[in-house]
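Below you'll find the structure, written out as structure tokens, and then a few comments.
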Amino acid sequence: MSGLATGSIYALMALSLVIIYNATRTLNFAQGEMLMISTFVGWTALQLLRAPLLVALLVAVVAAALLAWVLERTIIRHAISATHFDVLIITLGLSLMLRSAAGLLWTHDEFPFPSFFGSRPLGVGAVRVAPASLGIIGASLALMLALGALFRWTRLGRAMRAVAQNQRAARLMGISVEQVYSASWILAAAVGAVAGVLIAPVVFLSSQMGLVAINGFTAAVLGGFGSMPGAVVGGMVLGVLENLAPLYLPASIKHSVPFLVMITILIVRPGGLFGRVAPRKV
Amino acid sequence: MRPALEIDDVAVYYDKRRALEGVTLTVERGEIVTLLGANGAGKSTTLRAVSGLVRAARGRIVYEGRDISHAPADAIVAAGVGHVPEGREIFGEFTVLENLLVGGHTVPRRQIGERLEEAFRLFPVLRERRLQAAGTLSGGEQQMLAIARALMPRPRLLLLDEPSLGLAPLLSREIFDVIRRINADGVSVLLVEQNARRALALATRGYVLETGRLVASGPSAGLAADPRVRRAYLGLDGARRGAAT
Ligand SMILES: Nc1ncnc2c1ncn2[C@@H]1O[C@H](COP(=O)(O)OP(=O)(O)OP(=O)(O)O)[C@@H](O)[C@H]1O
Ligand SMILES: [Mg+2]
């Protein structure tokens, strides 16, 4: 159960990476740090305003959206016509800058973060489950369904998928590809902020918490980078594997699991489970 | 009333390479004009410059009296220019219906249903296949979808890039019939074609491009009789068709 809970968080991180990748064909290495910053902003609202947790969540999401919008408009947009490599390096630099900024504003300490969900185990039949796990899974699933509906049934979602398939044709449909870039960054950041608020009670709030994005990346690769259902399944599989591995293998293996999984998938099935990206011809 | 389209002394470069050099042409309202030329002459580039996919380094592009040389592609679509690109470029992962809906991106929501009906009336086969992935359609059906998709916003100027390419004669005749019907509804058409004979039969006037420059222009009948055009395009066209079959 707790494997599925971590898995849900990985899935949300994978989704936010894939949302940006599909629109812009670049990876946002700062995704984790954006999650971290927005969670800190939400936490600050909790501390300063004694706001309820739900308000903190909203503050985190709005902060994430604003941060994404500003970063995309001021930095990424100008580099996007350059090679994709440049954008990669820029987001890598951004991740370092955001981490030190967080250190200056909030120090590099760990802080406890309140949870939406109680800590008393619930009995489901004979099984006991932590409400935190159930809550994380439930909230993540709800968010994923909302994303699915957005991509399937709204004009914006369809425009984003059209840009992912063929940017030039999308332009000929009257879609502003630039607006889709902005929307993708904002949406990805908002998803990340929700993931941040959900995971912070479990891993503590700290300037290092953005590292969870690495597992999101692995989950996305596992699912076949670019596929959204793949990102969800990849996240879940990764979370469960990470939880089960220590039962059968040395306990210290836990944190290497994502890398072992990534290496295995790249060797065995480079397209991922749901791969649509054809393996690059060399 | 200003013409549907005026291209005035336009030059286009891909990086440093020149693709168009001083092209000037006009499409009057309600007219079908064809743009002919060999492979690499710059026909597609001309259409891309009009729809804003590439930028003119020099010259002006005026649509219904409005200078659109610097307008972004989405604004040009919203202004009433439809472009059916070379190779169709349909969204293969989308269903037929989703392709049409994306085509209607700039259409007010309340009018979408009515526009879909129009599309299905023009191409009944698309109604049958509306829930099928567009990538699995035949070449002819994909071409119909590409045209229907571009018609969703009811453009007043339609740019068509080799709509009959790769189609069997019967299908390509059907496509030409549809172009005639679209034009009869008042849509001005700029048609790029490899099949010069058929294009000249449909168009009132034509232009001939050679390595980025216009080398001939005039009424279709005159062009069809022009010995240079006959040798270069009609003759070649016939020879190529002969070689292919
Ligand atoms: N994206 C591009 N990048 C660089 N050069 C290009 C690009 N597209 C076209 N060109 C070059 O510009 C010139 C004109 O190309 P264009 O596609 O407009 O010709 P065309 O008349 O449409 O040819 P075809 O009949 O083969 O479709 C050619 O020399 C072509 O190689
Ligand atoms: Mg062409």
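Residue numbers start at 1 in each chain; chains themselves are named A, B, ... in the order of the structure tokens; ligands are numbered from 1 in the order shown.
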List as JSON, numbers by chain the protein and nucleic acid residues lying within 12 Å of ligand 2, with only C-alpha atoms and all ligand atoms counted. {"B": [19, 35, 36, 37, 38, 39, 40, 41, 42, 43, 44, 45, 46, 47, 48, 84, 85, 86, 87, 88, 160, 161, 162, 163, 165, 191, 192, 193, 194, 209, 212]}
DSSP on the backbone, alpha helix (DSSP H) only: what residues of stretch 77-199 of chain B does that give? Format it as a JSON list (two decimals) with N, CA and C atoms, in the first residue's frame.
```
[["chain", "number", "residue", "atom", "x", "y", "z"],
["B", 77, "VAL", "N", -4.70, 32.28, -39.43],
["B", 77, "VAL", "CA", -5.81, 31.33, -39.51],
["B", 77, "VAL", "C", -7.10, 32.02, -39.04],
["B", 78, "ALA", "N", -7.00, 32.72, -37.92],
["B", 78, "ALA", "CA", -8.19, 33.38, -37.37],
["B", 78, "ALA", "C", -8.73, 34.43, -38.33],
["B", 79, "ALA", "N", -7.83, 35.02, -39.15],
["B", 79, "ALA", "CA", -8.27, 36.04, -40.10],
["B", 79, "ALA", "C", -9.01, 35.44, -41.29],
["B", 96, "VAL", "N", -10.72, 10.79, -36.37],
["B", 96, "VAL", "CA", -11.17, 11.72, -37.41],
["B", 96, "VAL", "C", -11.89, 12.90, -36.75],
["B", 97, "LEU", "N", -12.78, 12.57, -35.81],
["B", 97, "LEU", "CA", -13.54, 13.62, -35.13],
["B", 97, "LEU", "C", -12.63, 14.60, -34.40],
["B", 98, "GLU", "N", -11.62, 14.06, -33.69],
["B", 98, "GLU", "CA", -10.70, 14.94, -32.96],
["B", 98, "GLU", "C", -9.92, 15.84, -33.92],
["B", 99, "ASN", "N", -9.55, 15.29, -35.08],
["B", 99, "ASN", "CA", -8.87, 16.11, -36.08],
["B", 99, "ASN", "C", -9.74, 17.29, -36.48],
["B", 100, "LEU", "N", -11.02, 17.01, -36.70],
["B", 100, "LEU", "CA", -11.93, 18.09, -37.11],
["B", 100, "LEU", "C", -12.11, 19.09, -35.97],
["B", 101, "LEU", "N", -12.17, 18.58, -34.73],
["B", 101, "LEU", "CA", -12.34, 19.48, -33.59],
["B", 101, "LEU", "C", -11.12, 20.39, -33.44],
["B", 102, "VAL", "N", -9.93, 19.83, -33.64],
["B", 102, "VAL", "CA", -8.73, 20.67, -33.58],
["B", 102, "VAL", "C", -8.75, 21.68, -34.72],
["B", 103, "GLY", "N", -9.24, 21.24, -35.88],
["B", 103, "GLY", "CA", -9.40, 22.18, -36.99],
["B", 103, "GLY", "C", -10.31, 23.33, -36.59],
["B", 112, "ILE", "N", -19.59, 24.73, -33.48],
["B", 112, "ILE", "CA", -18.81, 23.53, -33.83],
["B", 112, "ILE", "C", -19.70, 22.45, -34.46],
["B", 113, "GLY", "N", -20.87, 22.22, -33.86],
["B", 113, "GLY", "CA", -21.76, 21.17, -34.35],
["B", 113, "GLY", "C", -22.14, 21.37, -35.81],
["B", 114, "GLU", "N", -22.47, 22.61, -36.12],
["B", 114, "GLU", "CA", -22.87, 22.97, -37.47],
["B", 114, "GLU", "C", -21.72, 22.77, -38.47],
["B", 115, "ARG", "N", -20.49, 23.15, -38.04],
["B", 115, "ARG", "CA", -19.32, 23.00, -38.92],
["B", 115, "ARG", "C", -19.01, 21.51, -39.16],
["B", 116, "LEU", "N", -19.18, 20.70, -38.13],
["B", 116, "LEU", "CA", -18.97, 19.26, -38.29],
["B", 116, "LEU", "C", -19.94, 18.72, -39.33],
["B", 117, "GLU", "N", -21.20, 19.14, -39.23],
["B", 117, "GLU", "CA", -22.21, 18.71, -40.20],
["B", 117, "GLU", "C", -21.77, 19.07, -41.61],
["B", 118, "GLU", "N", -21.29, 20.29, -41.80],
["B", 118, "GLU", "CA", -20.82, 20.72, -43.13],
["B", 118, "GLU", "C", -19.70, 19.80, -43.63],
["B", 119, "ALA", "N", -18.78, 19.50, -42.73],
["B", 119, "ALA", "CA", -17.64, 18.65, -43.11],
["B", 119, "ALA", "C", -18.13, 17.27, -43.54],
["B", 120, "PHE", "N", -19.08, 16.73, -42.77],
["B", 120, "PHE", "CA", -19.58, 15.38, -43.07],
["B", 120, "PHE", "C", -20.43, 15.39, -44.33],
["B", 121, "ARG", "N", -21.08, 16.52, -44.62],
["B", 121, "ARG", "CA", -21.87, 16.60, -45.84],
["B", 121, "ARG", "C", -20.93, 16.62, -47.06],
["B", 122, "LEU", "N", -19.81, 17.32, -46.92],
["B", 122, "LEU", "CA", -18.86, 17.41, -48.02],
["B", 122, "LEU", "C", -18.16, 16.07, -48.23],
["B", 124, "PRO", "N", -18.91, 12.44, -46.89],
["B", 124, "PRO", "CA", -19.70, 11.49, -46.09],
["B", 124, "PRO", "C", -18.85, 10.36, -45.49],
["B", 125, "VAL", "N", -17.76, 9.99, -46.18],
["B", 125, "VAL", "CA", -16.95, 8.88, -45.66],
["B", 125, "VAL", "C", -16.35, 9.23, -44.30],
["B", 126, "LEU", "N", -16.12, 10.52, -44.05],
["B", 126, "LEU", "CA", -15.54, 10.91, -42.77],
["B", 126, "LEU", "C", -16.52, 10.70, -41.63],
["B", 127, "ARG", "N", -17.82, 10.81, -41.93],
["B", 127, "ARG", "CA", -18.81, 10.55, -40.88],
["B", 127, "ARG", "C", -18.74, 9.08, -40.45],
["B", 128, "GLU", "N", -18.66, 8.20, -41.45],
["B", 128, "GLU", "CA", -18.56, 6.77, -41.13],
["B", 128, "GLU", "C", -17.33, 6.47, -40.29],
["B", 139, "GLY", "N", -4.95, 6.94, -48.06],
["B", 139, "GLY", "CA", -4.39, 8.21, -48.50],
["B", 139, "GLY", "C", -5.46, 9.21, -48.93],
["B", 140, "GLY", "N", -6.43, 8.72, -49.69],
["B", 140, "GLY", "CA", -7.49, 9.60, -50.17],
["B", 140, "GLY", "C", -8.33, 10.14, -49.02],
["B", 141, "GLU", "N", -8.63, 9.25, -48.08],
["B", 141, "GLU", "CA", -9.44, 9.69, -46.92],
["B", 141, "GLU", "C", -8.66, 10.70, -46.07],
["B", 142, "GLN", "N", -7.35, 10.47, -45.95],
["B", 142, "GLN", "CA", -6.53, 11.43, -45.19],
["B", 142, "GLN", "C", -6.54, 12.80, -45.87],
["B", 143, "GLN", "N", -6.50, 12.79, -47.21],
["B", 143, "GLN", "CA", -6.54, 14.06, -47.92],
["B", 143, "GLN", "C", -7.87, 14.77, -47.69],
["B", 144, "MET", "N", -8.96, 13.98, -47.72],
["B", 144, "MET", "CA", -10.27, 14.57, -47.47],
["B", 144, "MET", "C", -10.32, 15.16, -46.06],
["B", 145, "LEU", "N", -9.75, 14.42, -45.11],
["B", 145, "LEU", "CA", -9.74, 14.89, -43.73],
["B", 145, "LEU", "C", -8.93, 16.19, -43.62],
["B", 146, "ALA", "N", -7.79, 16.22, -44.31],
["B", 146, "ALA", "CA", -6.95, 17.43, -44.24],
["B", 146, "ALA", "C", -7.71, 18.64, -44.79],
["B", 147, "ILE", "N", -8.47, 18.42, -45.86],
["B", 147, "ILE", "CA", -9.24, 19.53, -46.43],
["B", 147, "ILE", "C", -10.39, 19.92, -45.49],
["B", 148, "ALA", "N", -11.12, 18.90, -45.01],
["B", 148, "ALA", "CA", -12.25, 19.18, -44.12],
["B", 148, "ALA", "C", -11.78, 19.91, -42.87],
["B", 149, "ARG", "N", -10.62, 19.51, -42.35],
["B", 149, "ARG", "CA", -10.08, 20.11, -41.14],
["B", 149, "ARG", "C", -9.77, 21.60, -41.38],
["B", 150, "ALA", "N", -9.20, 21.89, -42.57],
["B", 150, "ALA", "CA", -8.86, 23.28, -42.87],
["B", 150, "ALA", "C", -10.11, 24.12, -43.11],
["B", 151, "LEU", "N", -11.23, 23.45, -43.49],
["B", 151, "LEU", "CA", -12.46, 24.20, -43.79],
["B", 151, "LEU", "C", -13.26, 24.51, -42.53],
["B", 169, "PRO", "N", -6.16, 7.99, -59.97],
["B", 169, "PRO", "CA", -6.82, 8.97, -60.83],
["B", 169, "PRO", "C", -8.27, 9.27, -60.42],
["B", 170, "LEU", "N", -9.00, 8.22, -60.07],
["B", 170, "LEU", "CA", -10.39, 8.43, -59.73],
["B", 170, "LEU", "C", -10.53, 9.31, -58.49],
["B", 171, "LEU", "N", -9.71, 9.02, -57.49],
["B", 171, "LEU", "CA", -9.75, 9.79, -56.24],
["B", 171, "LEU", "C", -9.30, 11.21, -56.49],
["B", 172, "SER", "N", -8.27, 11.36, -57.31],
["B", 172, "SER", "CA", -7.77, 12.71, -57.51],
["B", 172, "SER", "C", -8.80, 13.53, -58.28],
["B", 173, "ARG", "N", -9.58, 12.89, -59.17],
["B", 173, "ARG", "CA", -10.67, 13.61, -59.83],
["B", 173, "ARG", "C", -11.70, 14.06, -58.80],
["B", 174, "GLU", "N", -11.98, 13.18, -57.83],
["B", 174, "GLU", "CA", -12.94, 13.52, -56.79],
["B", 174, "GLU", "C", -12.47, 14.73, -55.97],
["B", 175, "ILE", "N", -11.18, 14.73, -55.65],
["B", 175, "ILE", "CA", -10.62, 15.86, -54.89],
["B", 175, "ILE", "C", -10.76, 17.16, -55.69],
["B", 176, "PHE", "N", -10.46, 17.08, -57.00],
["B", 176, "PHE", "CA", -10.58, 18.28, -57.82],
["B", 176, "PHE", "C", -12.03, 18.77, -57.88],
["B", 177, "ASP", "N", -12.98, 17.81, -57.91],
["B", 177, "ASP", "CA", -14.40, 18.17, -57.88],
["B", 177, "ASP", "C", -14.74, 18.94, -56.61],
["B", 178, "VAL", "N", -14.21, 18.43, -55.50],
["B", 178, "VAL", "CA", -14.47, 19.08, -54.21],
["B", 178, "VAL", "C", -13.91, 20.50, -54.21],
["B", 179, "ILE", "N", -12.70, 20.66, -54.76],
["B", 179, "ILE", "CA", -12.10, 22.00, -54.80],
["B", 179, "ILE", "C", -13.00, 22.94, -55.58],
["B", 180, "ARG", "N", -13.56, 22.44, -56.69],
["B", 180, "ARG", "CA", -14.46, 23.27, -57.49],
["B", 180, "ARG", "C", -15.69, 23.68, -56.67],
["B", 181, "ARG", "N", -16.21, 22.71, -55.90],
["B", 181, "ARG", "CA", -17.40, 23.02, -55.09],
["B", 181, "ARG", "C", -17.09, 24.01, -53.98],
["B", 182, "ILE", "N", -15.95, 23.84, -53.34],
["B", 182, "ILE", "CA", -15.56, 24.78, -52.28],
["B", 182, "ILE", "C", -15.46, 26.18, -52.86],
["B", 183, "ASN", "N", -14.83, 26.26, -54.04],
["B", 183, "ASN", "CA", -14.67, 27.55, -54.70],
["B", 183, "ASN", "C", -16.02, 28.16, -55.09],
["B", 184, "ALA", "N", -16.96, 27.29, -55.51],
["B", 184, "ALA", "CA", -18.28, 27.77, -55.89],
["B", 184, "ALA", "C", -19.00, 28.40, -54.69],
["B", 196, "ALA", "N", -0.13, 19.43, -63.65],
["B", 196, "ALA", "CA", -0.33, 20.75, -64.23],
["B", 196, "ALA", "C", -1.53, 20.80, -65.16],
["B", 197, "ARG", "N", -1.74, 19.72, -65.89],
["B", 197, "ARG", "CA", -2.83, 19.69, -66.85],
["B", 197, "ARG", "C", -4.17, 19.91, -66.13],
["B", 198, "ARG", "N", -4.36, 19.12, -65.09],
["B", 198, "ARG", "CA", -5.62, 19.20, -64.36],
["B", 198, "ARG", "C", -5.76, 20.54, -63.62],
["B", 199, "ALA", "N", -4.64, 21.01, -63.05],
["B", 199, "ALA", "CA", -4.68, 22.28, -62.31],
["B", 199, "ALA", "C", -5.05, 23.43, -63.24]]
```
One decimal, Å: what's the distance from atom CA of A:Thr91 over to atom CA of A:Leu12, could you say?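 It comes out at 19.1 Å.
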Kindly determine which residues of chain A lie within 7 Å of chain B, considering only C-alpha atoms, and give the answer as a PyMOL selection string. chain A and resi 155+158-159+162+165+169+171-176
How would the residues just picked look written out with all heavy atoms as an mmCIF file, in the first residue's frame?
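Result file follows (selection_14.cif):
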```
data_model
loop_
_atom_site.group_PDB
_atom_site.id
_atom_site.type_symbol
_atom_site.label_atom_id
_atom_site.label_comp_id
_atom_site.auth_asym_id
_atom_site.auth_seq_id
_atom_site.Cartn_x
_atom_site.Cartn_y
_atom_site.Cartn_z
ATOM 1 N N ARG A 155 -10.644 22.056 -25.100
ATOM 2 C CA ARG A 155 -9.964 22.628 -26.244
ATOM 3 C C ARG A 155 -8.474 22.778 -25.956
ATOM 4 O O ARG A 155 -7.633 22.447 -26.790
ATOM 5 C CB ARG A 155 -10.596 23.984 -26.527
ATOM 6 C CG ARG A 155 -10.410 24.448 -27.919
ATOM 7 C CD ARG A 155 -11.257 25.661 -28.172
ATOM 8 N NE ARG A 155 -12.524 25.293 -28.770
ATOM 9 C CZ ARG A 155 -13.188 26.091 -29.599
ATOM 10 N NH1 ARG A 155 -12.720 27.281 -29.879
ATOM 11 N NH2 ARG A 155 -14.313 25.704 -30.135
ATOM 12 N N ARG A 158 -6.781 19.350 -26.004
ATOM 13 C CA ARG A 158 -6.622 18.848 -27.367
ATOM 14 C C ARG A 158 -5.525 19.613 -28.093
ATOM 15 O O ARG A 158 -4.714 19.035 -28.828
ATOM 16 C CB ARG A 158 -7.943 18.972 -28.121
ATOM 17 C CG ARG A 158 -8.369 17.677 -28.731
ATOM 18 C CD ARG A 158 -9.663 17.720 -29.503
ATOM 19 N NE ARG A 158 -10.478 18.870 -29.303
ATOM 20 C CZ ARG A 158 -11.660 18.862 -28.682
ATOM 21 N NH1 ARG A 158 -12.144 17.750 -28.204
ATOM 22 N NH2 ARG A 158 -12.353 19.971 -28.557
ATOM 23 N N ALA A 159 -5.472 20.922 -27.854
ATOM 24 C CA ALA A 159 -4.418 21.720 -28.482
ATOM 25 C C ALA A 159 -3.045 21.234 -28.007
ATOM 26 O O ALA A 159 -2.105 21.132 -28.803
ATOM 27 C CB ALA A 159 -4.612 23.197 -28.152
ATOM 28 N N ALA A 162 -2.268 18.095 -29.772
ATOM 29 C CA ALA A 162 -1.976 18.356 -31.184
ATOM 30 C C ALA A 162 -0.545 18.869 -31.337
ATOM 31 O O ALA A 162 0.192 18.430 -32.224
ATOM 32 C CB ALA A 162 -2.971 19.371 -31.752
ATOM 33 N N GLN A 165 1.950 16.151 -31.217
ATOM 34 C CA GLN A 165 2.057 15.302 -32.403
ATOM 35 C C GLN A 165 2.735 16.005 -33.562
ATOM 36 O O GLN A 165 3.559 15.417 -34.254
ATOM 37 C CB GLN A 165 0.668 14.851 -32.866
ATOM 38 C CG GLN A 165 0.066 13.783 -32.005
ATOM 39 C CD GLN A 165 -1.344 13.455 -32.459
ATOM 40 O OE1 GLN A 165 -1.558 12.970 -33.562
ATOM 41 N NE2 GLN A 165 -2.307 13.741 -31.624
ATOM 42 N N ALA A 169 1.580 21.505 -37.982
ATOM 43 C CA ALA A 169 0.161 21.337 -38.302
ATOM 44 C C ALA A 169 -0.693 22.030 -37.248
ATOM 45 O O ALA A 169 -1.722 22.635 -37.570
ATOM 46 C CB ALA A 169 -0.187 19.850 -38.387
ATOM 47 N N ARG A 171 -0.019 24.715 -35.652
ATOM 48 C CA ARG A 171 -0.056 26.148 -35.987
ATOM 49 C C ARG A 171 -1.086 26.431 -37.074
ATOM 50 O O ARG A 171 -1.784 27.442 -37.043
ATOM 51 C CB ARG A 171 1.315 26.619 -36.489
ATOM 52 C CG ARG A 171 2.283 26.939 -35.383
ATOM 53 C CD ARG A 171 3.519 27.625 -35.971
ATOM 54 N NE ARG A 171 4.669 27.458 -35.105
ATOM 55 C CZ ARG A 171 4.873 28.170 -34.002
ATOM 56 N NH1 ARG A 171 4.008 29.098 -33.649
ATOM 57 N NH2 ARG A 171 5.932 27.946 -33.258
ATOM 58 N N LEU A 172 -1.169 25.511 -38.047
ATOM 59 C CA LEU A 172 -2.112 25.726 -39.152
ATOM 60 C C LEU A 172 -3.566 25.596 -38.695
ATOM 61 O O LEU A 172 -4.484 25.958 -39.414
ATOM 62 C CB LEU A 172 -1.842 24.735 -40.290
ATOM 63 C CG LEU A 172 -0.537 24.966 -41.047
ATOM 64 C CD1 LEU A 172 -0.380 23.959 -42.170
ATOM 65 C CD2 LEU A 172 -0.476 26.384 -41.596
ATOM 66 N N MET A 173 -3.782 25.037 -37.504
ATOM 67 C CA MET A 173 -5.141 24.949 -36.958
ATOM 68 C C MET A 173 -5.487 26.220 -36.178
ATOM 69 O O MET A 173 -6.554 26.324 -35.591
ATOM 70 C CB MET A 173 -5.283 23.741 -36.020
ATOM 71 C CG MET A 173 -4.927 22.405 -36.643
ATOM 72 S SD MET A 173 -5.975 21.993 -38.028
ATOM 73 C CE MET A 173 -4.838 22.256 -39.382
ATOM 74 N N GLY A 174 -4.557 27.166 -36.126
ATOM 75 C CA GLY A 174 -4.805 28.392 -35.393
ATOM 76 C C GLY A 174 -4.429 28.283 -33.922
ATOM 77 O O GLY A 174 -4.817 29.127 -33.116
ATOM 78 N N ILE A 175 -3.691 27.225 -33.582
ATOM 79 C CA ILE A 175 -3.250 27.068 -32.196
ATOM 80 C C ILE A 175 -2.000 27.918 -31.994
ATOM 81 O O ILE A 175 -1.076 27.874 -32.814
ATOM 82 C CB ILE A 175 -2.928 25.584 -31.905
ATOM 83 C CG1 ILE A 175 -4.215 24.759 -31.958
ATOM 84 C CG2 ILE A 175 -2.235 25.429 -30.561
ATOM 85 C CD1 ILE A 175 -3.985 23.264 -31.959
ATOM 86 N N SER A 176 -1.977 28.699 -30.932
ATOM 87 C CA SER A 176 -0.764 29.426 -30.599
ATOM 88 C C SER A 176 0.156 28.484 -29.826
ATOM 89 O O SER A 176 -0.101 28.152 -28.675
ATOM 90 C CB SER A 176 -1.084 30.659 -29.760
ATOM 91 O OG SER A 176 0.094 31.065 -29.096
#
```
Would you mind reading off the distance between atom CA of A:Thr74 and atom CA of A:Gln179, one decimal, in Å? 13.8 Å
Which residue is closest to ligand 1? Choose from B:Leu158, B:Leu5, B:Ala201, B:Val12 and count only C-alpha atoms and all ligand atoms.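 Answer, going by the shortest atom-to-atom distance: B:Val12.
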With distances taken over only C-alpha atoms and all ligand atoms, which of A:Arg168, A:Ala149, A:Gly118, A:Arg269 is nearest to ligand 1?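 So, comparing all the options, the nearest one is A:Arg168.
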Atom CA of A:Met209 sits from atom CA of A:Met36 at a separation of 6.1 Å
Let me make sure I understand: among A:Leu35, A:Leu273, A:Met262, A:Ala139, which one has the smallest atom-to-atom distance to A:Gly230 if we use only C-alpha atoms?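 For A:Gly230, the nearest of the given residues is A:Leu273.
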Using only C-alpha atoms and all ligand atoms: which of B:Asp67, B:Glu210, B:Glu28, B:Asp8 has the shortest distance to ligand 1: B:Glu210
Those in stretch 101-184 of chain B with strand (DSSP E) from DSSP, as an mmCIF file with C-alpha atoms, in the first residue's frame:
```cif
data_model
loop_
_atom_site.group_PDB
_atom_site.id
_atom_site.type_symbol
_atom_site.label_atom_id
_atom_site.label_comp_id
_atom_site.auth_asym_id
_atom_site.auth_seq_id
_atom_site.Cartn_x
_atom_site.Cartn_y
_atom_site.Cartn_z
ATOM 1 C CA LEU B 157 -8.828 31.886 -48.787
ATOM 2 C CA LEU B 158 -7.708 28.266 -49.064
ATOM 3 C CA LEU B 159 -4.111 27.260 -49.806
ATOM 4 C CA LEU B 160 -3.857 23.724 -51.163
ATOM 5 C CA ASP B 161 -0.461 22.036 -51.465
#
```
Distance criterion (only C-alpha atoms): nearest to A:Ala193 out of A:Leu58, A:Ile90, A:Leu244, A:Leu48: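 Closest to A:Ala193, using only C-alpha atoms: A:Leu58.
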Among listed residues B:Ala225, B:Asn195, B:Pro155, B:Ser138, nearest ligand 1 (using only C-alpha atoms and all ligand atoms):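 Checking each of B:Ala225, B:Asn195, B:Pro155, B:Ser138 against ligand 1, counting only C-alpha atoms and all ligand atoms, the winner is B:Asn195.
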Tell me which protein, DNA and RNA residues are within 9 Å of A:Val232, counting only C-alpha atoms, leaving out same-chain ones fewer than 2 positions away, and put them as JSON, numbers by chain. {"A": [7, 8, 10, 11, 12, 14, 15, 144, 219, 220, 223, 227, 228, 229, 230, 234, 235, 236, 237]}
Keeping only N, CA and C atoms, write the selected residues to a file as an mmCIF file, in the first residue's frame.
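Produced file again.cif, reproduced below:
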```cif
data_model
loop_
_atom_site.group_PDB
_atom_site.id
_atom_site.type_symbol
_atom_site.label_atom_id
_atom_site.label_comp_id
_atom_site.auth_asym_id
_atom_site.auth_seq_id
_atom_site.Cartn_x
_atom_site.Cartn_y
_atom_site.Cartn_z
ATOM 1 N N GLY A 7 4.365 5.471 -5.217
ATOM 2 C CA GLY A 7 4.200 5.338 -6.661
ATOM 3 C C GLY A 7 3.323 6.439 -7.229
ATOM 4 N N SER A 8 2.258 6.811 -6.510
ATOM 5 C CA SER A 8 1.380 7.879 -7.006
ATOM 6 C C SER A 8 2.148 9.187 -7.137
ATOM 7 N N TYR A 10 5.412 9.489 -7.577
ATOM 8 C CA TYR A 10 6.291 9.361 -8.753
ATOM 9 C C TYR A 10 5.488 9.578 -10.028
ATOM 10 N N ALA A 11 4.266 9.025 -10.039
ATOM 11 C CA ALA A 11 3.429 9.156 -11.230
ATOM 12 C C ALA A 11 3.111 10.622 -11.499
ATOM 13 N N LEU A 12 2.797 11.369 -10.438
ATOM 14 C CA LEU A 12 2.499 12.795 -10.642
ATOM 15 C C LEU A 12 3.733 13.532 -11.154
ATOM 16 N N ALA A 14 6.183 12.199 -12.837
ATOM 17 C CA ALA A 14 6.398 11.747 -14.215
ATOM 18 C C ALA A 14 5.443 12.493 -15.145
ATOM 19 N N LEU A 15 4.190 12.633 -14.720
ATOM 20 C CA LEU A 15 3.208 13.337 -15.550
ATOM 21 C C LEU A 15 3.643 14.771 -15.807
ATOM 22 N N MET A 144 -5.217 12.705 -11.423
ATOM 23 C CA MET A 144 -4.940 12.082 -12.732
ATOM 24 C C MET A 144 -6.199 12.015 -13.581
ATOM 25 N N ALA A 219 10.221 6.905 -13.687
ATOM 26 C CA ALA A 219 8.864 6.411 -13.921
ATOM 27 C C ALA A 219 8.417 6.732 -15.343
ATOM 28 N N ALA A 220 8.757 7.935 -15.801
ATOM 29 C CA ALA A 220 8.354 8.334 -17.153
ATOM 30 C C ALA A 220 9.058 7.486 -18.201
ATOM 31 N N GLY A 223 7.511 4.097 -18.321
ATOM 32 C CA GLY A 223 6.228 4.081 -19.005
ATOM 33 C C GLY A 223 6.345 4.369 -20.488
ATOM 34 N N SER A 227 4.216 9.083 -23.008
ATOM 35 C CA SER A 227 2.891 8.504 -22.799
ATOM 36 C C SER A 227 2.400 8.840 -21.391
ATOM 37 N N MET A 228 1.189 9.393 -21.288
ATOM 38 C CA MET A 228 0.684 9.752 -19.960
ATOM 39 C C MET A 228 0.189 8.542 -19.182
ATOM 40 N N PRO A 229 -0.586 7.638 -19.796
ATOM 41 C CA PRO A 229 -0.925 6.423 -19.040
ATOM 42 C C PRO A 229 0.352 5.695 -18.630
ATOM 43 N N GLY A 230 1.349 5.709 -19.507
ATOM 44 C CA GLY A 230 2.628 5.077 -19.204
ATOM 45 C C GLY A 230 3.274 5.694 -17.976
ATOM 46 N N GLY A 234 4.092 3.565 -14.857
ATOM 47 C CA GLY A 234 5.518 3.561 -14.528
ATOM 48 C C GLY A 234 5.745 3.989 -13.089
ATOM 49 N N GLY A 235 5.053 5.038 -12.663
ATOM 50 C CA GLY A 235 5.194 5.519 -11.298
ATOM 51 C C GLY A 235 4.772 4.460 -10.290
ATOM 52 N N MET A 236 3.620 3.841 -10.538
ATOM 53 C CA MET A 236 3.102 2.835 -9.618
ATOM 54 C C MET A 236 4.054 1.637 -9.529
ATOM 55 N N VAL A 237 4.487 1.158 -10.696
ATOM 56 C CA VAL A 237 5.391 0.004 -10.709
ATOM 57 C C VAL A 237 6.666 0.328 -9.939
#
```
Contact residues around A:Thr24 with only C-alpha atoms at 12 Å, ignoring same-chain residues under 5 positions, as a ChimeraX atom specification: /A:17-19,72,76-77,79-84,87-88,160-167,177-185,226
